Every structure is written in structure tokens, then in C-alpha cells.
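Peer 1: Structure file work.cif (mmCIF, C-alpha atoms) right here:
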```cif
data_query
loop_
_atom_site.label_atom_id
_atom_site.label_comp_id
_atom_site.auth_asym_id
_atom_site.auth_seq_id
_atom_site.Cartn_x
_atom_site.Cartn_y
_atom_site.Cartn_z
CA ASP V 1 66.17 -74.59 -28.42
CA ALA V 2 67.42 -74.63 -31.99
CA GLY V 3 69.14 -77.77 -33.17
CA VAL V 4 72.21 -77.96 -35.36
CA THR V 5 71.72 -75.71 -38.38
CA GLN V 6 73.54 -76.02 -41.68
CA SER V 7 73.63 -73.85 -44.75
CA PRO V 8 73.02 -74.04 -47.59
CA THR V 9 70.67 -77.03 -47.75
CA HIS V 10 71.39 -77.74 -51.41
CA LEU V 11 74.23 -76.74 -53.67
CA ILE V 12 75.27 -77.46 -57.25
CA LYS V 13 78.88 -76.85 -58.24
CA THR V 14 81.04 -77.54 -61.28
CA ARG V 15 84.14 -79.74 -61.21
CA GLY V 16 87.19 -77.78 -60.15
CA GLN V 17 85.24 -75.20 -58.16
CA GLN V 18 85.51 -74.57 -54.44
CA VAL V 19 82.70 -74.78 -51.88
CA THR V 20 82.17 -73.62 -48.30
CA LEU V 21 79.59 -75.24 -46.06
CA ARG V 22 78.49 -73.75 -42.74
CA CYS V 23 77.30 -75.17 -39.45
CA SER V 24 75.99 -73.73 -36.19
CA PRO V 25 75.99 -76.17 -33.26
CA ILE V 26 73.39 -76.56 -30.56
CA SER V 27 73.77 -73.85 -27.93
CA GLY V 28 76.24 -75.04 -25.30
CA HIS V 29 77.87 -77.62 -27.56
CA LYS V 30 81.53 -76.83 -28.13
CA SER V 31 82.50 -79.77 -30.33
CA VAL V 32 81.64 -79.90 -34.02
CA SER V 33 82.25 -82.78 -36.39
CA TRP V 34 81.80 -83.10 -40.13
CA TYR V 35 80.74 -86.23 -41.99
CA GLN V 36 80.32 -87.13 -45.65
CA GLN V 37 77.55 -89.51 -46.68
CA VAL V 38 77.51 -90.77 -50.24
CA LEU V 39 74.40 -92.49 -51.54
CA GLY V 40 73.91 -95.96 -50.11
CA GLN V 41 76.65 -95.66 -47.49
CA GLY V 42 76.81 -94.64 -43.86
CA PRO V 43 78.29 -91.26 -42.91
CA GLN V 44 82.09 -91.12 -42.94
CA PHE V 45 84.04 -88.94 -40.52
CA ILE V 46 85.93 -85.97 -42.01
CA PHE V 47 86.93 -83.61 -39.16
CA GLN V 48 86.32 -82.87 -35.52
CA TYR V 49 86.89 -79.48 -33.93
CA TYR V 50 86.80 -78.49 -30.29
CA GLU V 51 87.66 -75.07 -28.91
CA LYS V 52 88.76 -73.97 -32.40
CA GLU V 53 91.35 -76.71 -32.65
CA GLU V 54 91.31 -79.73 -34.91
CA ARG V 55 90.96 -82.81 -32.70
CA GLY V 56 90.53 -85.45 -35.35
CA ARG V 57 90.76 -85.98 -39.08
CA GLY V 58 89.40 -88.79 -41.19
CA ASN V 59 90.88 -90.30 -44.32
CA PHE V 60 90.16 -87.43 -46.68
CA PRO V 61 92.53 -85.58 -49.06
CA ASP V 62 94.00 -82.18 -48.30
CA ARG V 63 91.39 -80.61 -50.57
CA PHE V 64 89.15 -80.82 -47.51
CA SER V 65 89.72 -78.29 -44.74
CA ALA V 66 87.70 -76.85 -41.90
CA ARG V 67 87.80 -74.37 -39.10
CA GLN V 68 85.85 -73.45 -35.98
CA PHE V 69 85.09 -69.94 -34.88
CA PRO V 70 85.00 -68.42 -31.36
CA ASN V 71 81.19 -68.85 -31.28
CA TYR V 72 81.75 -72.58 -32.02
CA SER V 73 80.23 -72.41 -35.49
CA SER V 74 82.24 -74.13 -38.20
CA GLU V 75 82.97 -74.11 -41.90
CA LEU V 76 83.97 -76.97 -44.16
CA ASN V 77 85.84 -76.07 -47.32
CA VAL V 78 86.40 -78.34 -50.29
CA ASN V 79 88.71 -77.23 -53.10
CA ALA V 80 89.06 -78.54 -56.65
CA LEU V 81 85.75 -80.37 -56.52
CA LEU V 82 85.47 -83.80 -58.10
CA LEU V 83 82.35 -85.64 -59.22
CA GLY V 84 82.96 -88.06 -56.35
CA ASP V 85 82.55 -85.26 -53.83
CA SER V 86 78.81 -85.30 -54.53
CA ALA V 87 77.28 -86.30 -51.22
CA LEU V 88 75.28 -85.24 -48.20
CA TYR V 89 77.58 -83.33 -45.84
CA LEU V 90 76.51 -83.59 -42.24
CA CYS V 91 77.55 -81.50 -39.28
CA ALA V 92 77.16 -82.86 -35.77
CA SER V 93 77.60 -81.18 -32.43
CA SER V 94 78.25 -82.76 -29.08
CA ILE V 95 79.12 -81.93 -25.50
CA PRO V 96 82.75 -82.66 -24.59
CA GLY V 97 82.98 -85.94 -22.75
CA ARG V 98 79.76 -87.22 -24.25
CA THR V 99 79.80 -89.30 -27.41
CA GLU V 100 76.17 -88.79 -28.42
CA ALA V 101 76.14 -86.53 -31.46
CA PHE V 102 73.27 -84.52 -32.85
CA PHE V 103 73.16 -83.90 -36.57
CA GLY V 104 72.04 -81.00 -38.69
CA GLN V 105 69.82 -81.58 -41.71
CA GLY V 106 72.86 -81.62 -43.95
CA THR V 107 73.99 -79.90 -47.13
CA ARG V 108 73.37 -81.87 -50.28
CA LEU V 109 76.24 -81.10 -52.67
CA THR V 110 76.02 -82.07 -56.31
CA VAL V 111 79.13 -81.70 -58.47
CA VAL V 112 78.51 -81.67 -62.22
CA ARG P 1 87.39 -106.01 -43.03
CA LYS P 2 85.11 -103.03 -42.53
CA GLU P 3 85.12 -101.42 -39.09
CA VAL P 4 81.35 -101.76 -38.65
CA GLU P 5 79.36 -104.30 -40.63
CA GLN P 6 75.60 -104.62 -40.73
CA ASP P 7 73.09 -107.00 -42.25
CA PRO P 8 72.52 -106.16 -45.90
CA GLY P 9 68.96 -105.05 -46.53
CA PRO P 10 66.33 -104.22 -47.18
CA PHE P 11 64.13 -105.98 -44.65
CA ASN P 12 60.50 -106.12 -45.74
CA VAL P 13 58.10 -106.95 -42.90
CA PRO P 14 54.36 -106.60 -42.26
CA GLU P 15 52.97 -104.36 -39.56
CA GLY P 16 53.15 -106.04 -36.18
CA ALA P 17 56.16 -108.17 -37.01
CA THR P 18 59.28 -108.46 -34.89
CA VAL P 19 62.52 -107.69 -36.69
CA ALA P 20 66.14 -107.96 -35.58
CA PHE P 21 69.19 -106.14 -36.90
CA ASN P 22 72.71 -107.40 -36.38
CA CYS P 23 75.99 -105.53 -36.36
CA THR P 24 79.63 -106.46 -35.75
CA TYR P 25 82.58 -104.16 -35.12
CA SER P 26 86.26 -104.85 -35.63
CA ASN P 27 88.00 -102.54 -33.15
CA SER P 28 88.03 -104.13 -29.70
CA ALA P 29 88.92 -100.72 -28.21
CA SER P 30 85.44 -99.42 -29.08
CA GLN P 31 83.69 -98.18 -25.97
CA SER P 32 80.46 -96.48 -26.97
CA PHE P 33 77.74 -97.99 -29.10
CA PHE P 34 74.60 -96.56 -30.64
CA TRP P 35 71.77 -97.17 -33.05
CA TYR P 36 70.80 -94.21 -35.21
CA ARG P 37 67.76 -93.99 -37.43
CA GLN P 38 67.84 -92.19 -40.78
CA ASP P 39 64.76 -91.40 -42.80
CA CYS P 40 65.09 -91.01 -46.57
CA ARG P 41 67.15 -87.92 -47.45
CA LYS P 42 67.21 -86.77 -43.82
CA GLU P 43 69.89 -86.57 -41.16
CA PRO P 44 70.64 -89.49 -38.80
CA LYS P 45 68.90 -89.26 -35.44
CA LEU P 46 69.96 -91.04 -32.27
CA LEU P 47 67.58 -93.92 -31.57
CA MET P 48 69.30 -95.34 -28.52
CA SER P 49 72.61 -95.93 -26.87
CA VAL P 50 73.61 -99.55 -26.28
CA TYR P 51 74.89 -100.71 -22.91
CA SER P 52 76.61 -103.94 -21.92
CA SER P 53 73.68 -104.94 -19.75
CA GLY P 54 71.27 -104.47 -22.62
CA ASN P 55 68.64 -101.80 -22.66
CA GLU P 56 65.07 -101.32 -23.73
CA ASP P 57 63.08 -98.30 -24.88
CA GLY P 58 59.46 -99.17 -25.52
CA ARG P 59 59.32 -101.52 -28.50
CA PHE P 60 63.09 -101.29 -29.06
CA THR P 61 65.68 -103.50 -27.35
CA ALA P 62 69.43 -103.21 -27.87
CA GLN P 63 72.03 -105.77 -26.86
CA LEU P 64 75.82 -105.67 -26.78
CA ASN P 65 78.22 -108.60 -26.61
CA ARG P 66 81.73 -107.24 -26.14
CA ALA P 67 83.38 -110.66 -26.32
CA SER P 68 81.87 -111.29 -29.75
CA GLN P 69 82.01 -107.62 -30.75
CA TYR P 70 78.38 -107.86 -31.68
CA ILE P 71 75.48 -105.43 -31.36
CA SER P 72 71.81 -106.06 -32.04
CA LEU P 73 68.58 -104.12 -32.26
CA LEU P 74 65.18 -105.76 -31.87
CA ILE P 75 62.00 -103.98 -32.89
CA ARG P 76 58.73 -105.50 -31.68
CA ASP P 77 55.26 -104.79 -33.08
CA SER P 78 56.60 -102.93 -36.12
CA LYS P 79 54.76 -99.79 -37.21
CA LEU P 80 54.62 -98.20 -40.64
CA SER P 81 56.49 -95.27 -39.12
CA ASP P 82 59.43 -97.55 -38.29
CA SER P 83 60.32 -97.66 -42.00
CA ALA P 84 63.80 -96.12 -42.20
CA THR P 85 67.47 -97.03 -42.41
CA TYR P 86 69.01 -98.17 -39.13
CA LEU P 87 72.67 -97.32 -38.63
CA CYS P 88 74.95 -99.15 -36.21
CA VAL P 89 77.53 -96.75 -34.75
CA VAL P 90 80.60 -97.20 -32.54
CA SER P 91 83.06 -94.83 -30.94
CA LEU P 92 86.45 -95.24 -29.29
CA ALA P 93 87.05 -94.36 -25.66
CA GLY P 94 87.77 -90.69 -25.13
CA TYR P 95 86.71 -89.69 -28.62
CA SER P 96 83.41 -88.41 -29.84
CA THR P 97 83.97 -89.26 -33.48
CA LEU P 98 81.60 -91.89 -34.72
CA THR P 99 82.15 -94.83 -37.05
CA PHE P 100 79.01 -95.83 -38.92
CA GLY P 101 77.95 -99.04 -40.56
CA LYS P 102 76.42 -98.92 -44.00
CA GLY P 103 72.93 -99.15 -42.56
CA THR P 104 70.08 -101.59 -42.96
CA MET P 105 66.85 -100.43 -44.54
CA LEU P 106 63.57 -101.49 -42.98
CA LEU P 107 60.32 -101.35 -44.93
CA VAL P 108 57.14 -102.00 -42.94
CA SER P 109 54.08 -102.67 -45.05
CA PRO P 110 50.35 -102.63 -44.13
#
```
Represent the supplied structure as C-alpha cells.
Peer 2:
Amino acid sequence: DAGVTQSPTHLIKTRGQQVTLRCSPISGHKSVSWYQQVLGQGPQFIFQYYEKEERGRGNFPDRFSARQFPNYSSELNVNALLLGDSALYLCASSIPGRTEAFFGQGTRLTVV
Amino acid sequence: RKEVEQDPGPFNVPEGATVAFNCTYSNSASQSFFWYRQDCRKEPKLLMSVYSSGNEDGRFTAQLNRASQYISLLIRDSKLSDSATYLCVVSLAGYSTLTFGKGTMLLVSP
């Protein structure tokens, strides 16, 4: 079975631009979460979606938004990019009621 | 105080050594506990869940002390392939969002 897949794997954007990152969860997993990992830190929770509804939001500005589609895939959007948004963005999927999460390989975003 | 705090690293050990990682968490409502492993520039991967009774998986042993809000991971007979960053992770009851520590890097040398 395929694991969590994310696209693109690498991305370079200019300050002020907008970016959309994509994630497909493991088949049968209905919950998707997004995390940001800056260099030297652990991943930090951004959003959780389940059944197309936002179920949790971390301490991130409104420039960050996300959505989940009927097939449970998800997109993370970041507007007005800042240099500090440069990070590895991780998507994780899980089965409702289970806390174990399985991560995709991530999208490495560089803002210049 | 950070929600999840881990030993600062890196830990440099020779092959065959035993190494222990420590972690404390601040939210007493935390109900689920994990150790994840992250190789350089890769995604975190679940190493093991941590249960109150303690649990073992081959060379890896995890312990949880709820009263002290303390979690540990012991690796016996270290292998070169154990070199990675080990992330301590907690989750609240009823939620599947994870709170990560900063991670502790382990370097195993020949």
C-alpha cells in the first residue's frame, strides 16, 4: 500500500508569493494533519482535518490555511510568504481514534 | 516552559554502547506518548509507543512515569544504523495532534 504522499518535494518561492502544498493520505485514513519543521526544531502542529472539517489549529497566523477534499486528500496554502516560512512541511495521516500518525516525506520550502 | 523537553544533544557513542534519552512533558492531561525517529532530511517515523507499564521492542525499551511526567528511551547494543534524531512526542486524550520535543541527535561511531 502507498504511504502518505506529498507534492512537490522541493519548492523555492520569493517573499510575498503564495504557495500550495498537497498531501494524499494512506488509503483508509480519514484524518490529515499538517506540521512545520524548521531546521533544528521538532515539527510544530499547524492544522488537523477530519471529514473535510477543521478539527484543530496550531499557533500560526491567518496566512496559513488548509482544506480537505472528499477523497481525504488535503492542501496547505500559505500566503504572503516570509523568509521565516522556510521549513520542511510535513503531512501526516491517521485513523480516527488512533493517535499514531504516519508522515509523508515532506515538502521542503525555501523562501528567498 | 516548553511543552516537551528533551536532552540537548548530540550524543556520540561507540558501537555496542547503551544510550538513554530523557524527556519531560508539561501537560498532565497528556495521554499518549511516543518516540519517533528522524533521519537527516527525512520524515519522522514512529519508533514505538510508550505505555505506563513500560515496553520493549528488541534493543529498544521505553518507560513512562506519569507522576513525574517523564519519558525515557533506552537503546542497547547501539548500531551504526541507529544514528538519527530521536523525537519525544505526546498527545492529549481524544486528539490525534502531536506535540514534539526538539529532538536529540544520536551519532554512533565504529
Peer 1: Between V:Arg15, V:Arg98, V:Arg108, V:Arg55, which is the closest to His29 in chain V once you count all atoms listed in the file?
Peer 2: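 Under the stated criterion, the closest residue is V:Arg98.
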Peer 1: For the structure provided, state which residues fall under the PyMOL selection byres ((chain P) within 6 of (chain V)), and present them as a list of chain:residue names.
Peer 2: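 Selection result, ordered by chain and number: P:Glu43, P:Ser96, P:Phe100, P:Gly101, P:Lys102.
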Peer 1: Can you turn the PyMOL selection byres ((chain P and resi 89) around 9) into a concrete residue list for this file, as a VMD selection string?
Peer 2: chain P and resid 4 25 32 to 36 87 to 88 90 to 91 98 to 101
Peer 1: Name every residue that the PyMOL selection byres ((chain P and resi 104-109) around 8) selects in this structure, writing the answer as a PyMOL selection string with chains first and numbers rising.
Peer 2: chain P and resi 6-15+21+78-87+102-103+110
Peer 1: So what do you get for CA of Gln18 in chain V versus CA of Leu83 in chain V, distance-wise?
Peer 2: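 Between CA of Gln18 in chain V and CA of Leu83 in chain V the gap works out to 12.5 Å.
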Peer 1: Just give me the gap between CA of Ala87 in chain V and CA of Leu46 in chain P in Å, one decimal is fine.
Peer 2: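 We find that CA of Ala87 in chain V and CA of Leu46 in chain P lie 20.9 Å from each other.
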Peer 1: Have a look at CA of Gly3 in chain V and CA of Gly28 in chain V and let me know their distance in Å, one decimal.
Peer 2: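 Going from CA of Gly3 in chain V over to CA of Gly28 in chain V covers 10.9 Å.
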Peer 1: Is there a way to get, as number ranges by chain, all residues within 6 Å of the point (70.6, -74.1, -35.7) in file coordinates, counting only C-alpha atoms?
Peer 2: V: 2-5, 24
Peer 1: Would you mind telling me which residue in V:Pro8, V:Val38, V:Gln68, V:Phe60 lies nearest to Pro25 in chain V when using only C-alpha atoms?
Peer 2: V:Gln68
Peer 1: Choose the residue, out of V:Gln36, V:Val78, V:Glu54, V:Tyr49, that has the smallest atom-to-atom separation from Thr20 in chain V; count only C-alpha atoms.
Peer 2: V:Val78
Peer 1: Residues near Asn65 in chain P, anyone? I mean within 12 Å using all atoms listed in the file, not counting same-chain ones fewer than 6 positions away, as a list of chain:residue names.
Peer 2: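 Close residues of Asn65 in chain P: P:Asn22, P:Cys23, P:Thr24, P:Tyr25, P:Ser28, P:Ser30, P:Gln31, P:Phe33, P:Val50, P:Tyr51, P:Ser52, P:Ser53, P:Gly54, P:Ile71, P:Ser72.
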Peer 1: Complete the atoms of range 89-109 of chain V to N, CA, C and O atoms and put them out as a compact mmCIF listing (two decimals), in the frame of the given file.
Peer 2:
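Output below, filename selection.txt:
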```txt
# COMPACT_ATOMS: atom_id res chain seq x y z
N TYR V 89 76.58 -83.70 -46.84
CA TYR V 89 77.58 -83.33 -45.84
C TYR V 89 76.85 -82.97 -44.55
O TYR V 89 76.02 -82.07 -44.51
N LEU V 90 77.19 -83.70 -43.52
CA LEU V 90 76.51 -83.59 -42.24
C LEU V 90 77.43 -82.97 -41.20
O LEU V 90 78.60 -83.31 -41.12
N CYS V 91 76.86 -82.09 -40.42
CA CYS V 91 77.55 -81.50 -39.28
C CYS V 91 76.90 -82.04 -38.02
O CYS V 91 75.65 -82.16 -37.95
N ALA V 92 77.70 -82.37 -37.03
CA ALA V 92 77.16 -82.86 -35.77
C ALA V 92 77.80 -82.10 -34.63
O ALA V 92 78.99 -81.76 -34.67
N SER V 93 77.02 -81.81 -33.61
CA SER V 93 77.60 -81.18 -32.43
C SER V 93 77.42 -82.09 -31.22
O SER V 93 76.50 -82.92 -31.18
N SER V 94 78.31 -81.94 -30.28
CA SER V 94 78.25 -82.76 -29.08
C SER V 94 78.86 -82.00 -27.91
O SER V 94 79.55 -81.00 -28.08
N ILE V 95 78.55 -82.50 -26.72
CA ILE V 95 79.12 -81.93 -25.50
C ILE V 95 80.42 -82.67 -25.21
O ILE V 95 80.44 -83.90 -25.26
N PRO V 96 81.50 -81.97 -24.92
CA PRO V 96 82.75 -82.66 -24.59
C PRO V 96 82.56 -83.70 -23.50
O PRO V 96 81.88 -83.44 -22.50
N GLY V 97 83.12 -84.87 -23.72
CA GLY V 97 82.98 -85.94 -22.75
C GLY V 97 81.79 -86.83 -23.00
O GLY V 97 81.66 -87.89 -22.40
N ARG V 98 80.90 -86.40 -23.90
CA ARG V 98 79.76 -87.22 -24.25
C ARG V 98 79.89 -87.61 -25.71
O ARG V 98 80.23 -86.78 -26.56
N THR V 99 79.61 -88.86 -26.02
CA THR V 99 79.80 -89.30 -27.41
C THR V 99 78.54 -89.17 -28.25
O THR V 99 78.60 -89.27 -29.46
N GLU V 100 77.38 -88.97 -27.61
CA GLU V 100 76.17 -88.79 -28.42
C GLU V 100 76.32 -87.53 -29.27
O GLU V 100 76.71 -86.48 -28.77
N ALA V 101 76.03 -87.66 -30.55
CA ALA V 101 76.14 -86.53 -31.46
C ALA V 101 74.78 -86.23 -32.06
O ALA V 101 73.98 -87.14 -32.30
N PHE V 102 74.55 -84.96 -32.30
CA PHE V 102 73.27 -84.52 -32.85
C PHE V 102 73.56 -83.85 -34.19
O PHE V 102 74.40 -82.95 -34.28
N PHE V 103 72.86 -84.31 -35.21
CA PHE V 103 73.16 -83.90 -36.57
C PHE V 103 72.25 -82.79 -37.07
O PHE V 103 71.07 -82.72 -36.71
N GLY V 104 72.82 -81.94 -37.93
CA GLY V 104 72.04 -81.00 -38.69
C GLY V 104 71.39 -81.71 -39.86
O GLY V 104 71.64 -82.90 -40.11
N GLN V 105 70.57 -80.96 -40.60
CA GLN V 105 69.82 -81.58 -41.71
C GLN V 105 70.70 -81.86 -42.91
O GLN V 105 70.30 -82.57 -43.83
N GLY V 106 71.92 -81.33 -42.89
CA GLY V 106 72.86 -81.62 -43.95
C GLY V 106 72.82 -80.65 -45.11
O GLY V 106 71.84 -79.92 -45.30
N THR V 107 73.90 -80.64 -45.86
CA THR V 107 73.99 -79.90 -47.13
C THR V 107 74.18 -80.93 -48.22
O THR V 107 75.13 -81.71 -48.18
N ARG V 108 73.27 -80.92 -49.17
CA ARG V 108 73.37 -81.87 -50.28
C ARG V 108 74.14 -81.19 -51.40
O ARG V 108 73.65 -80.24 -52.02
N LEU V 109 75.35 -81.66 -51.65
CA LEU V 109 76.24 -81.10 -52.67
C LEU V 109 76.22 -81.99 -53.91
O LEU V 109 76.44 -83.18 -53.82
```
